[in-house]
file input.cif (mmCIF, C-alpha atoms)
data_run
#
loop_
_atom_site.group_PDB
_atom_site.id
_atom_site.type_symbol
_atom_site.label_atom_id
_atom_site.label_comp_id
_atom_site.auth_asym_id
_atom_site.auth_seq_id
_atom_site.Cartn_x
_atom_site.Cartn_y
_atom_site.Cartn_z
ATOM 1 C CA MET A 1 0.000 0.000 0.000
ATOM 2 C CA GLY A 2 3.058 2.210 0.472
ATOM 3 C CA HIS A 3 3.538 1.988 -3.280
ATOM 4 C CA LEU A 4 0.190 3.683 -3.772
ATOM 5 C CA ALA A 5 1.277 6.716 -1.858
ATOM 6 C CA VAL A 6 4.449 6.846 -3.942
ATOM 7 C CA ARG A 7 2.496 6.667 -7.198
ATOM 8 C CA ARG A 8 0.075 9.310 -6.034
ATOM 9 C CA SER A 9 2.742 11.707 -4.868
ATOM 10 C CA ALA A 10 4.866 11.190 -7.966
ATOM 11 C CA PHE A 11 1.755 11.904 -9.956
ATOM 12 C CA ALA A 12 1.044 15.035 -7.947
ATOM 13 C CA ALA A 13 4.576 16.305 -8.495
ATOM 14 C CA GLU A 14 4.379 15.596 -12.184
ATOM 15 C CA PHE A 15 0.949 17.122 -12.426
ATOM 16 C CA THR A 16 2.053 20.498 -11.093
ATOM 17 C CA ALA A 17 5.121 20.441 -13.344
ATOM 18 C CA GLU A 18 2.808 19.627 -16.220
ATOM 19 C CA ARG A 19 0.563 22.562 -15.380
ATOM 20 C CA GLU A 20 3.528 24.933 -15.456
ATOM 21 C CA ARG A 21 4.746 23.614 -18.756
ATOM 22 C CA MET A 22 1.313 23.721 -20.290
ATOM 23 C CA ALA A 23 0.918 27.344 -19.313
ATOM 24 C CA SER A 24 3.821 28.076 -21.611
ATOM 25 C CA SER A 25 2.833 25.687 -24.399
ATOM 26 C CA SER A 26 2.282 27.093 -27.860
ATOM 27 C CA ALA A 27 -0.964 27.778 -29.594
ATOM 28 C CA ARG A 28 -1.171 26.815 -33.272
ATOM 29 C CA GLY A 29 -0.156 30.294 -34.408
ATOM 30 C CA GLU A 30 2.955 30.227 -32.255
ATOM 31 C CA LEU A 31 3.853 26.790 -33.599
ATOM 32 C CA GLU A 32 3.795 28.162 -37.127
ATOM 33 C CA LYS A 33 6.183 30.939 -36.164
ATOM 34 C CA MET A 34 8.843 28.571 -34.854
ATOM 35 C CA GLY A 35 11.816 27.397 -36.862
ATOM 36 C CA ILE A 36 12.203 23.774 -37.930
ATOM 37 C CA ASP A 37 14.823 22.977 -35.318
ATOM 38 C CA GLN A 38 12.784 24.523 -32.538
ATOM 39 C CA LEU A 39 9.716 22.608 -33.682
ATOM 40 C CA LYS A 40 11.620 19.367 -33.725
ATOM 41 C CA ALA A 41 12.919 19.982 -30.218
ATOM 42 C CA LEU A 42 9.426 20.861 -29.014
ATOM 43 C CA LYS A 43 7.923 17.753 -30.563
ATOM 44 C CA GLU A 44 10.593 15.543 -29.012
ATOM 45 C CA GLN A 45 10.035 17.162 -25.654
ATOM 46 C CA ALA A 46 6.288 16.704 -25.939
ATOM 47 C CA ASP A 47 6.720 13.059 -26.990
ATOM 48 C CA LEU A 48 8.931 12.448 -23.986
ATOM 49 C CA GLU A 49 6.327 13.943 -21.685
ATOM 50 C CA VAL A 50 3.582 11.880 -23.290
ATOM 51 C CA ASN A 51 5.580 8.733 -22.604
ATOM 52 C CA LEU A 52 6.186 9.738 -19.001
ATOM 53 C CA LEU A 53 2.491 10.387 -18.542
ATOM 54 C CA GLN A 54 1.627 7.034 -20.093
ATOM 55 C CA ASP A 55 3.939 5.314 -17.631
ATOM 56 C CA SER A 56 2.349 7.103 -14.712
ATOM 57 C CA LEU A 57 -1.093 6.162 -15.966
ATOM 58 C CA ASN A 58 -0.052 2.523 -16.188
ATOM 59 C CA ASN A 59 1.349 2.642 -12.675
ATOM 60 C CA ILE A 60 -1.906 4.032 -11.360
ATOM 61 C CA ARG A 61 -3.811 1.298 -13.136
ATOM 62 C CA THR A 62 -1.599 -1.415 -11.572
ATOM 63 C CA ALA A 63 -1.939 0.099 -8.121
ATOM 64 C CA ASN A 64 -5.687 0.266 -8.600
ATOM 65 C CA ALA A 65 -5.809 -3.389 -9.624
ATOM 66 C CA ARG A 66 -3.936 -4.349 -6.466
ATOM 67 C CA LEU A 67 -6.306 -2.320 -4.333
ATOM 68 C CA GLU A 68 -9.293 -3.939 -5.980
ATOM 69 C CA SER A 69 -7.924 -7.398 -5.288
ATOM 70 C CA ALA A 70 -7.234 -6.373 -1.688
ATOM 71 C CA ALA A 71 -10.818 -5.192 -1.351
ATOM 72 C CA GLY A 72 -12.000 -8.463 -2.861
ATOM 73 C CA ALA A 73 -9.882 -10.468 -0.435
ATOM 74 C CA LEU A 74 -11.317 -8.457 2.441
ATOM 75 C CA ASN A 75 -14.836 -9.190 1.304
ATOM 76 C CA ASP A 76 -13.999 -12.849 1.036
ATOM 77 C CA LEU A 77 -12.404 -12.883 4.472
ATOM 78 C CA SER A 78 -15.438 -11.299 6.078
ATOM 79 C CA LEU A 79 -17.532 -14.210 4.855
ATOM 80 C CA ARG A 80 -15.415 -16.829 6.592
ATOM 81 C CA PRO A 81 -16.398 -17.987 10.055
ATOM 82 C CA GLN A 82 -14.000 -17.844 12.960
ATOM 83 C CA GLY A 83 -12.053 -21.036 13.544
ATOM 84 C CA LYS A 84 -12.120 -22.001 9.885
ATOM 85 C CA LYS A 85 -9.105 -24.066 8.760
ATOM 86 C CA MET A 86 -6.782 -22.221 6.412
ATOM 87 C CA LEU A 87 -3.303 -22.349 4.878
ATOM 88 C CA VAL A 88 -0.973 -19.515 5.860
ATOM 89 C CA PRO A 89 1.800 -18.559 3.419
ATOM 90 C CA LEU A 90 5.162 -18.336 5.146
ATOM 91 C CA THR A 91 7.095 -17.916 1.926
ATOM 92 C CA ALA A 92 6.085 -17.938 -1.715
ATOM 93 C CA SER A 93 6.232 -21.729 -1.754
ATOM 94 C CA LEU A 94 5.662 -22.713 1.866
ATOM 95 C CA TYR A 95 2.209 -22.814 3.393
ATOM 96 C CA VAL A 96 1.377 -23.815 6.937
ATOM 97 C CA PRO A 97 -2.023 -25.009 8.163
ATOM 98 C CA GLY A 98 -3.763 -22.732 10.641
ATOM 99 C CA THR A 99 -7.140 -21.598 11.864
ATOM 100 C CA LEU A 100 -8.788 -18.275 11.186
ATOM 101 C CA ASP A 101 -8.844 -16.125 14.295
ATOM 102 C CA GLU A 102 -10.993 -13.064 14.664
ATOM 103 C CA ALA A 103 -11.741 -11.735 11.198
ATOM 104 C CA ASP A 104 -13.281 -8.570 12.547
ATOM 105 C CA LYS A 105 -10.033 -6.636 12.948
ATOM 106 C CA VAL A 106 -7.639 -5.986 10.059
ATOM 107 C CA LEU A 107 -4.239 -4.282 9.882
ATOM 108 C CA VAL A 108 -4.029 -1.619 7.219
ATOM 109 C CA ASP A 109 -0.713 -0.404 5.794
ATOM 110 C CA ILE A 110 -1.117 3.345 5.456
ATOM 111 C CA GLY A 111 2.465 4.081 4.322
ATOM 112 C CA THR A 112 5.838 5.121 5.805
ATOM 113 C CA GLY A 113 5.842 1.935 7.884
ATOM 114 C CA TYR A 114 2.674 2.648 9.838
ATOM 115 C CA PHE A 115 -0.064 0.086 10.235
ATOM 116 C CA ILE A 116 -3.424 0.722 11.868
ATOM 117 C CA GLU A 117 -5.886 -1.718 13.267
ATOM 118 C CA LYS A 118 -9.278 -1.232 11.781
ATOM 119 C CA THR A 119 -12.565 -3.091 11.814
ATOM 120 C CA MET A 120 -13.520 -5.066 8.755
ATOM 121 C CA GLU A 121 -15.978 -2.322 7.842
ATOM 122 C CA ASP A 122 -13.377 0.442 8.115
ATOM 123 C CA GLY A 123 -10.890 -1.688 6.194
ATOM 124 C CA LYS A 124 -13.304 -2.084 3.312
ATOM 125 C CA ASP A 125 -14.075 1.616 3.502
ATOM 126 C CA TYR A 126 -10.331 2.398 3.373
ATOM 127 C CA CYS A 127 -9.933 0.341 0.231
ATOM 128 C CA GLN A 128 -12.889 2.036 -1.396
ATOM 129 C CA ARG A 129 -11.579 5.475 -0.524
ATOM 130 C CA LYS A 130 -8.157 4.737 -1.985
ATOM 131 C CA ILE A 131 -9.711 3.247 -5.103
ATOM 132 C CA SER A 132 -11.813 6.347 -5.753
ATOM 133 C CA LEU A 133 -8.837 8.624 -5.028
ATOM 134 C CA LEU A 134 -6.770 6.716 -7.569
ATOM 135 C CA LYS A 135 -9.618 6.826 -10.066
ATOM 136 C CA SER A 136 -9.871 10.608 -9.847
ATOM 137 C CA ASN A 137 -6.070 10.917 -10.143
ATOM 138 C CA TYR A 138 -6.197 8.685 -13.187
ATOM 139 C CA GLU A 139 -8.844 10.833 -14.825
ATOM 140 C CA GLN A 140 -6.998 14.066 -14.138
ATOM 141 C CA LEU A 141 -3.766 12.606 -15.477
ATOM 142 C CA PHE A 142 -5.572 11.305 -18.530
ATOM 143 C CA GLU A 143 -6.796 14.798 -19.330
ATOM 144 C CA VAL A 144 -3.262 16.167 -19.077
ATOM 145 C CA LEU A 145 -2.053 13.354 -21.312
ATOM 146 C CA ALA A 146 -4.701 14.088 -23.929
ATOM 147 C CA LYS A 147 -3.721 17.765 -24.049
ATOM 148 C CA LYS A 148 -0.007 16.965 -24.251
ATOM 149 C CA LYS A 149 -0.660 14.450 -26.992
ATOM 150 C CA SER A 150 -2.564 17.000 -29.062
ATOM 151 C CA VAL A 151 0.321 19.485 -28.645
ATOM 152 C CA ALA A 152 2.784 16.806 -29.780
ATOM 153 C CA ASP A 153 0.600 15.855 -32.743
ATOM 154 C CA GLU A 154 0.098 19.450 -33.825
ATOM 155 C CA ALA A 155 3.807 20.166 -33.546
ATOM 156 C CA GLY A 156 4.453 17.087 -35.660
ATOM 157 C CA MET A 157 2.015 18.219 -38.340
ATOM 158 C CA VAL A 158 3.357 21.765 -38.481
ATOM 159 C CA LEU A 159 6.884 20.346 -38.614
ATOM 160 C CA GLN A 160 5.992 18.077 -41.533
ATOM 161 C CA GLY A 161 4.380 20.995 -43.365
ATOM 162 C CA LYS A 162 7.473 23.134 -42.909
ATOM 163 C CA VAL A 163 9.818 20.375 -44.013
ATOM 164 C CA ARG A 164 7.739 19.865 -47.127
ATOM 165 C CA GLN A 165 7.799 23.617 -47.785
ATOM 166 C CA LEU A 166 11.567 23.627 -47.418
ATOM 167 C CA GLN A 167 11.956 20.684 -49.771
ATOM 168 C CA ALA A 168 9.679 22.314 -52.317
ATOM 169 C CA ALA A 169 11.678 25.545 -52.049
ATOM 170 C CA THR A 170 15.066 23.826 -52.465
ATOM 171 C CA THR A 171 13.998 21.649 -55.392
ATOM 172 C CA SER A 172 12.220 24.373 -57.336
ATOM 173 C CA MET B 1 50.951 39.265 -31.606
ATOM 174 C CA SER B 2 49.149 40.578 -28.589
ATOM 175 C CA SER B 3 45.832 39.969 -30.262
ATOM 176 C CA SER B 4 46.509 36.231 -30.600
ATOM 177 C CA MET B 5 47.452 36.090 -26.927
ATOM 178 C CA ALA B 6 44.263 37.910 -26.086
ATOM 179 C CA LEU B 7 42.491 35.370 -28.285
ATOM 180 C CA ARG B 8 43.963 32.461 -26.367
ATOM 181 C CA ASP B 9 43.122 34.059 -23.046
ATOM 182 C CA LEU B 10 39.562 34.572 -24.161
ATOM 183 C CA GLN B 11 39.289 30.998 -25.335
ATOM 184 C CA ARG B 12 40.657 29.691 -22.084
ATOM 185 C CA ASP B 13 38.254 31.888 -20.185
ATOM 186 C CA LEU B 14 35.389 30.600 -22.304
ATOM 187 C CA GLU B 15 36.400 27.019 -21.628
ATOM 188 C CA SER B 16 36.558 27.516 -17.891
ATOM 189 C CA LYS B 17 33.178 29.238 -17.934
ATOM 190 C CA ALA B 18 31.792 26.322 -19.937
ATOM 191 C CA ASN B 19 33.075 23.910 -17.307
ATOM 192 C CA ASP B 20 31.519 26.001 -14.560
ATOM 193 C CA LEU B 21 28.242 26.019 -16.425
ATOM 194 C CA ALA B 22 28.288 22.243 -16.828
ATOM 195 C CA LYS B 23 28.887 21.847 -13.103
ATOM 196 C CA ILE B 24 26.028 24.202 -12.256
ATOM 197 C CA GLN B 25 23.719 22.303 -14.567
ATOM 198 C CA LYS B 26 24.675 19.024 -12.936
ATOM 199 C CA ASP B 27 23.897 20.528 -9.547
ATOM 200 C CA ILE B 28 20.528 21.713 -10.806
ATOM 201 C CA ALA B 29 19.717 18.231 -12.109
ATOM 202 C CA LYS B 30 20.693 16.685 -8.774
ATOM 203 C CA ASP B 31 18.561 19.200 -6.938
ATOM 204 C CA HIS B 32 15.596 18.355 -9.134
ATOM 205 C CA GLN B 33 15.968 14.682 -8.265
ATOM 206 C CA LEU B 34 16.128 15.571 -4.592
ATOM 207 C CA ARG B 35 13.083 17.763 -4.934
ATOM 208 C CA LYS B 36 11.151 14.934 -6.539
ATOM 209 C CA LYS B 37 12.113 12.574 -3.725
ATOM 210 C CA TYR B 38 11.067 15.033 -1.044
ATOM 211 C CA THR B 39 7.783 15.793 -2.757
ATOM 212 C CA ILE B 40 6.946 12.096 -2.853
ATOM 213 C CA GLN B 41 7.852 11.619 0.806
ATOM 214 C CA LEU B 42 5.845 14.651 1.802
ATOM 215 C CA GLY B 43 2.793 13.362 -0.033
ATOM 216 C CA GLU B 44 3.068 9.941 1.565
ATOM 217 C CA ASN B 45 3.430 11.361 5.065
ATOM 218 C CA GLU B 46 0.462 13.651 4.597
ATOM 219 C CA LEU B 47 -1.654 10.658 3.583
ATOM 220 C CA VAL B 48 -0.546 8.832 6.717
ATOM 221 C CA LEU B 49 -1.453 11.850 8.828
ATOM 222 C CA LYS B 50 -4.895 11.976 7.284
ATOM 223 C CA GLU B 51 -5.512 8.334 8.073
ATOM 224 C CA LEU B 52 -4.267 8.748 11.629
ATOM 225 C CA ASP B 53 -6.587 11.701 12.115
ATOM 226 C CA LEU B 54 -9.538 9.560 11.122
ATOM 227 C CA LEU B 55 -8.796 7.117 13.925
ATOM 228 C CA GLU B 56 -10.504 7.151 17.268
ATOM 229 C CA GLU B 57 -8.607 7.567 20.503
ATOM 230 C CA GLU B 58 -8.223 3.921 21.506
ATOM 231 C CA ALA B 59 -7.430 2.571 18.040
ATOM 232 C CA ASN B 60 -4.204 0.580 17.780
ATOM 233 C CA VAL B 61 -1.330 1.902 15.735
ATOM 234 C CA TYR B 62 1.704 -0.171 14.847
ATOM 235 C CA LYS B 63 4.979 0.855 13.277
ATOM 236 C CA LEU B 64 7.142 -1.469 11.215
ATOM 237 C CA ILE B 65 10.661 -1.178 12.600
ATOM 238 C CA GLY B 66 12.783 -3.628 10.641
ATOM 239 C CA PRO B 67 10.999 -6.997 10.849
ATOM 240 C CA VAL B 68 9.124 -6.033 13.985
ATOM 241 C CA LEU B 69 5.658 -4.528 14.247
ATOM 242 C CA VAL B 70 5.785 -2.351 17.324
ATOM 243 C CA LYS B 71 2.673 -1.003 18.962
ATOM 244 C CA GLN B 72 2.690 2.793 19.055
ATOM 245 C CA ASP B 73 0.724 5.368 20.922
ATOM 246 C CA LEU B 74 -1.637 7.252 18.613
ATOM 247 C CA ALA B 75 -0.541 10.622 19.978
ATOM 248 C CA GLU B 76 3.095 9.656 19.557
ATOM 249 C CA ALA B 77 2.545 8.448 16.003
ATOM 250 C CA ASN B 78 0.742 11.672 15.187
ATOM 251 C CA ALA B 79 3.580 13.748 16.651
ATOM 252 C CA ASN B 80 6.192 11.734 14.748
ATOM 253 C CA VAL B 81 4.452 12.082 11.426
ATOM 254 C CA ARG B 82 3.897 15.780 11.947
ATOM 255 C CA LYS B 83 7.565 16.272 12.755
ATOM 256 C CA ARG B 84 8.540 14.334 9.624
ATOM 257 C CA ILE B 85 6.252 16.539 7.566
ATOM 258 C CA GLU B 86 7.791 19.684 9.047
ATOM 259 C CA TYR B 87 11.305 18.426 8.389
ATOM 260 C CA ILE B 88 10.555 17.407 4.813
ATOM 261 C CA SER B 89 8.832 20.724 4.082
ATOM 262 C CA ALA B 90 11.870 22.602 5.370
ATOM 263 C CA GLU B 91 14.188 20.472 3.230
ATOM 264 C CA LEU B 92 11.964 21.025 0.224
ATOM 265 C CA LYS B 93 12.107 24.788 0.720
ATOM 266 C CA ARG B 94 15.889 24.587 1.015
ATOM 267 C CA VAL B 95 16.197 22.626 -2.209
ATOM 268 C CA ASP B 96 13.891 25.054 -3.974
ATOM 269 C CA ALA B 97 16.071 27.979 -2.867
ATOM 270 C CA SER B 98 19.158 26.110 -4.049
ATOM 271 C CA ILE B 99 17.564 25.467 -7.447
ATOM 272 C CA HIS B 100 16.599 29.123 -7.715
ATOM 273 C CA ASP B 101 20.143 30.259 -6.912
ATOM 274 C CA ASN B 102 21.725 27.805 -9.290
ATOM 275 C CA GLU B 103 19.410 28.806 -12.091
ATOM 276 C CA GLY B 104 20.335 32.440 -11.540
ATOM 277 C CA GLN B 105 24.023 31.516 -11.656
ATOM 278 C CA GLN B 106 23.408 29.443 -14.749
ATOM 279 C CA ASN B 107 21.826 32.372 -16.534
ATOM 280 C CA SER B 108 24.561 34.824 -15.606
ATOM 281 C CA LYS B 109 27.215 32.305 -16.701
ATOM 282 C CA ARG B 110 25.423 31.883 -20.012
ATOM 283 C CA GLU B 111 25.330 35.650 -20.503
ATOM 284 C CA ALA B 112 29.021 36.006 -19.656
ATOM 285 C CA MET B 113 29.835 33.208 -22.085
ATOM 286 C CA MET B 114 27.812 34.822 -24.853
ATOM 287 C CA LYS B 115 29.627 38.121 -24.355
ATOM 288 C CA LEU B 116 32.969 36.322 -24.451
ATOM 289 C CA GLN B 117 32.000 34.537 -27.633
ATOM 290 C CA GLN B 118 31.013 37.794 -29.242
ATOM 291 C CA ARG B 119 34.343 39.348 -28.333
ATOM 292 C CA LEU B 120 36.119 36.276 -29.615
ATOM 293 C CA GLN B 121 34.251 36.433 -32.891
ATOM 294 C CA SER B 122 34.938 40.120 -33.368
ATOM 295 C CA ILE B 123 38.663 39.640 -32.711
ATOM 296 C CA GLN B 124 38.806 36.721 -35.124
ATOM 297 C CA ALA B 125 36.912 38.749 -37.733
ATOM 298 C CA GLY B 126 39.371 41.619 -37.175
ATOM 299 C CA LYS B 127 42.329 39.260 -37.626
ATOM 300 C CA ALA B 128 40.836 37.832 -40.798
ATOM 301 C CA LYS B 129 40.527 41.282 -42.279
ATOM 302 C CA ALA B 130 44.085 42.260 -41.309
#
call {"tool": "encode", "arguments": {"input": "input.cif", "output": "structure tokens"}}
result
Amino acid sequence: MGHLAVRRSAFAAEFTAERERMASSSARGELEKMGIDQLKALKEQADLEVNLLQDSLNNIRTANARLESAAGALNDLSLRPQGKKMLVPLTASLYVPGTLDEADKVLVDIGTGYFIEKTMEDGKDYCQRKISLLKSNYEQLFEVLAKKKSVADEAGMVLQGKVRQLQAATTS
Amino acid sequence: MSSSMALRDLQRDLESKANDLAKIQKDIAKDHQLRKKYTIQLGENELVLKELDLLEEEANVYKLIGPVLVKQDLAEANANVRKRIEYISAELKRVDASIHDNEGQQNSKREAMMKLQQRLQSIQAGKAKA
């Protein structure tokens, strides 16, 4: 669960950096005014940022999947009666038979090495809260990605146009 | 004769300024990495604080110290996390100031280098004509 916090914070840091860069991004008219080299540099920069954003989006999706499976496991656990026989994993390949103790309390990893004891209800609620937080982060990030992608695409188109113009000028 | 010595001096000066600039830029890059790390840590700690605030008085808090889960007092955990947040915020501000300074130095170095280059070019142009 610590990983989630890392993803979220990395996203937050990137998001504010993105905002600052987007404030200075070019409108179509400005793109036209730029020289070929500048345009190329801008497009490469924008492509780089798009890739970074894609990676972040993927990370959020993975974290979300893990949270969902945790929530599912919680739900499953709450259905089991106390004293039920179970197999406890000690390592990835070693399981030990045991019995289920109280399933009403769960330990939640909230990050930076802290764990809190919560009731099953609160635990499920925690998972839901984190899932919706991640979902909203994902949507915000997706918007930023879409805008960056359109900037990159436009820069690419204007660049192609200029290169063609240059070729036409040099061959004629 | 003296003009070619002046030329060499200028070139050496330009080189040393270029080295300085490279060093400053490396420092800026390092500071950016540091800033990223601190921002992430700050975010994580603030999340933890939020969760702790949602807890009731008697709720159990544990801290993972190495392989051991140690029971902690809620008030103590709160205080610890708050202190961490304060410390990280202070470090973040320090790094930001450092970045700001370095960027200022970077810009003034760039300007100085440009002026040097211009002088260099004008001397070389003068020599070519002579």
call {"tool": "closest_atom_pairs", "arguments": {"input": "input.cif", "of": "chain B", "to": "chain A", "cutoff": "10 Å", "atoms": "all atoms listed in the file", "output": "JSON lines"}}
result
{"residue": "B:Arg35", "atom": "CA", "partner": "A:Ala13", "partner_atom": "CA", "distance": 9.3}
{"residue": "B:Lys36", "atom": "CA", "partner": "A:Ala13", "partner_atom": "CA", "distance": 7.0}
{"residue": "B:Lys37", "atom": "CA", "partner": "A:Ala10", "partner_atom": "CA", "distance": 8.5}
{"residue": "B:Tyr38", "atom": "CA", "partner": "A:Ser9", "partner_atom": "CA", "distance": 9.7}
{"residue": "B:Thr39", "atom": "CA", "partner": "A:Ala13", "partner_atom": "CA", "distance": 6.6}
{"residue": "B:Ile40", "atom": "CA", "partner": "A:Ser9", "partner_atom": "CA", "distance": 4.7}
{"residue": "B:Gln41", "atom": "CA", "partner": "A:Val6", "partner_atom": "CA", "distance": 7.5}
{"residue": "B:Leu42", "atom": "CA", "partner": "A:Ser9", "partner_atom": "CA", "distance": 7.9}
{"residue": "B:Gly43", "atom": "CA", "partner": "A:Ser9", "partner_atom": "CA", "distance": 5.1}
{"residue": "B:Glu44", "atom": "CA", "partner": "A:Ala5", "partner_atom": "CA", "distance": 5.0}
{"residue": "B:Asn45", "atom": "CA", "partner": "A:Thr112", "partner_atom": "CA", "distance": 6.7}
{"residue": "B:Glu46", "atom": "CA", "partner": "A:Ala5", "partner_atom": "CA", "distance": 9.5}
{"residue": "B:Leu47", "atom": "CA", "partner": "A:Ala5", "partner_atom": "CA", "distance": 7.3}
{"residue": "B:Val48", "atom": "CA", "partner": "A:Ile110", "partner_atom": "CA", "distance": 5.7}
{"residue": "B:Leu49", "atom": "CA", "partner": "A:Ile110", "partner_atom": "CA", "distance": 9.2}
{"residue": "B:Lys50", "atom": "CA", "partner": "A:Ile110", "partner_atom": "CA", "distance": 9.6}
{"residue": "B:Glu51", "atom": "CA", "partner": "A:Ile110", "partner_atom": "CA", "distance": 7.1}
{"residue": "B:Leu52", "atom": "CA", "partner": "A:Ile116", "partner_atom": "CA", "distance": 8.1}
{"residue": "B:Leu55", "atom": "CA", "partner": "A:Ile116", "partner_atom": "CA", "distance": 8.6}
{"residue": "B:Ala59", "atom": "CA", "partner": "A:Glu117", "partner_atom": "CA", "distance": 6.6}
{"residue": "B:Asn60", "atom": "CA", "partner": "A:Glu117", "partner_atom": "CA", "distance": 5.3}
{"residue": "B:Val61", "atom": "CA", "partner": "A:Ile116", "partner_atom": "CA", "distance": 4.6}
{"residue": "B:Tyr62", "atom": "CA", "partner": "A:Phe115", "partner_atom": "CA", "distance": 4.9}
{"residue": "B:Lys63", "atom": "CA", "partner": "A:Tyr114", "partner_atom": "CA", "distance": 4.5}
{"residue": "B:Leu64", "atom": "CA", "partner": "A:Gly113", "partner_atom": "CA", "distance": 4.9}
{"residue": "B:Ile65", "atom": "CA", "partner": "A:Gly113", "partner_atom": "CA", "distance": 7.4}
{"residue": "B:Gly66", "atom": "CA", "partner": "A:Gly113", "partner_atom": "CA", "distance": 9.3}
{"residue": "B:Leu69", "atom": "CA", "partner": "A:Phe115", "partner_atom": "CA", "distance": 8.4}
{"residue": "B:Val70", "atom": "CA", "partner": "A:Phe115", "partner_atom": "CA", "distance": 9.5}
{"residue": "B:Lys71", "atom": "CA", "partner": "A:Phe115", "partner_atom": "CA", "distance": 9.2}
{"residue": "B:Gln72", "atom": "CA", "partner": "A:Tyr114", "partner_atom": "CA", "distance": 9.2}
{"residue": "B:Leu74", "atom": "CA", "partner": "A:Ile116", "partner_atom": "CA", "distance": 9.6}
{"residue": "B:Ala77", "atom": "CA", "partner": "A:Tyr114", "partner_atom": "CA", "distance": 8.5}
{"residue": "B:Val81", "atom": "CA", "partner": "A:Thr112", "partner_atom": "CA", "distance": 9.1}
call {"tool": "residues_around", "arguments": {"input": "input.cif", "residues": "A:Leu57", "least_positions_apart": "2", "cutoff": "10 Å", "atoms": "all atoms listed in the file", "output": "tab-separated table (two decimals) with C-alpha atoms, keeping the file's coordinate frame"}}
result
chain	number	residue	atom	x	y	z
A	7	ARG	CA	2.50	6.67	-7.20
A	11	PHE	CA	1.76	11.90	-9.96
A	51	ASN	CA	5.58	8.73	-22.60
A	52	LEU	CA	6.19	9.74	-19.00
A	53	LEU	CA	2.49	10.39	-18.54
A	54	GLN	CA	1.63	7.03	-20.09
A	55	ASP	CA	3.94	5.31	-17.63
A	59	ASN	CA	1.35	2.64	-12.68
A	60	ILE	CA	-1.91	4.03	-11.36
A	61	ARG	CA	-3.81	1.30	-13.14
A	62	THR	CA	-1.60	-1.42	-11.57
A	63	ALA	CA	-1.94	0.10	-8.12
A	137	ASN	CA	-6.07	10.92	-10.14
A	138	TYR	CA	-6.20	8.68	-13.19
A	139	GLU	CA	-8.84	10.83	-14.82
A	141	LEU	CA	-3.77	12.61	-15.48
A	142	PHE	CA	-5.57	11.30	-18.53
A	145	LEU	CA	-2.05	13.35	-21.31
call {"tool": "residues_around", "arguments": {"input": "input.cif", "residues": "stretch 156-170 of chain A", "least_positions_apart": "4", "cutoff": "7 Å", "atoms": "only C-alpha atoms", "output": "list of chain:residue names"}}
result
A:Glu32, A:Ile36, A:Leu39, A:Lys40, A:Lys43, A:Ala152
call {"tool": "write_last_selection", "arguments": {"input": "input.cif", "atoms": "C-alpha atoms", "output": "PDB file, in the frame of the given file"}}
result
ATOM      1  CA  GLU A  32       3.795  28.162 -37.127  1.00  0.00           C
ATOM      2  CA  ILE A  36      12.203  23.774 -37.930  1.00  0.00           C
ATOM      3  CA  LEU A  39       9.716  22.608 -33.682  1.00  0.00           C
ATOM      4  CA  LYS A  40      11.620  19.367 -33.725  1.00  0.00           C
ATOM      5  CA  LYS A  43       7.923  17.753 -30.563  1.00  0.00           C
ATOM      6  CA  ALA A 152       2.784  16.806 -29.780  1.00  0.00           C
TER       7      ALA A 152
END
call {"tool": "resolve_selection", "arguments": {"input": "input.cif", "expression": "the PyMOL selection byres ((chain A and resi 45-47) around 8)", "output": "CSV table (one decimal) with C-alpha atoms, in the coordinates of the input"}}
result
chain,number,residue,atom,x,y,z
A,41,ALA,CA,12.9,20.0,-30.2
A,42,LEU,CA,9.4,20.9,-29.0
A,43,LYS,CA,7.9,17.8,-30.6
A,44,GLU,CA,10.6,15.5,-29.0
A,48,LEU,CA,8.9,12.4,-24.0
A,49,GLU,CA,6.3,13.9,-21.7
A,50,VAL,CA,3.6,11.9,-23.3
A,51,ASN,CA,5.6,8.7,-22.6
A,148,LYS,CA,0.0,17.0,-24.3
A,149,LYS,CA,-0.7,14.4,-27.0
A,151,VAL,CA,0.3,19.5,-28.6
A,152,ALA,CA,2.8,16.8,-29.8
call {"tool": "atom_distance", "arguments": {"input": "input.cif", "atom1": "atom CA of A:Ala70", "atom2": "atom CA of A:Lys124"}}
result
9.0 Å
call {"tool": "atom_distance", "arguments": {"input": "input.cif", "atom1": "atom CA of B:Met5", "atom2": "atom CA of B:Ser108"}}
result
25.6 Å
call {"tool": "resolve_selection", "arguments": {"input": "input.cif", "expression": "the PyMOL selection byres ((chain B and resi 127) around 12)", "output": "VMD selection string"}}
result
chain B and resid 1 to 4 6 to 7 120 to 126 128 to 130
call {"tool": "resolve_selection", "arguments": {"input": "input.cif", "expression": "the PyMOL selection byres ((chain A and resi 77-90) around 12)", "output": "list of chain:residue names"}}
result
A:Ala70, A:Ala71, A:Gly72, A:Ala73, A:Leu74, A:Asn75, A:Asp76, A:Thr91, A:Ala92, A:Ser93, A:Leu94, A:Tyr95, A:Val96, A:Pro97, A:Gly98, A:Thr99, A:Leu100, A:Asp101, A:Glu102, A:Ala103, A:Asp104, A:Lys105, A:Val106, A:Thr119, A:Met120, A:Glu121, A:Gly123, A:Lys124
call {"tool": "atom_distance", "arguments": {"input": "input.cif", "atom1": "atom CA of B:Asp20", "atom2": "atom CA of B:Glu111"}}
result
12.9 Å
call {"tool": "closest_residue", "arguments": {"input": "input.cif", "among": "B:Pro67, B:Asp13, B:Arg8, B:Arg84", "to": "B:Leu116", "atoms": "only C-alpha atoms"}}
result
B:Asp13
call {"tool": "closest_residue", "arguments": {"input": "input.cif", "among": "A:Ser56, A:Ser150, A:Gln140, A:Gln128", "to": "A:Glu68", "atoms": "all atoms listed in the file"}}
result
A:Gln128
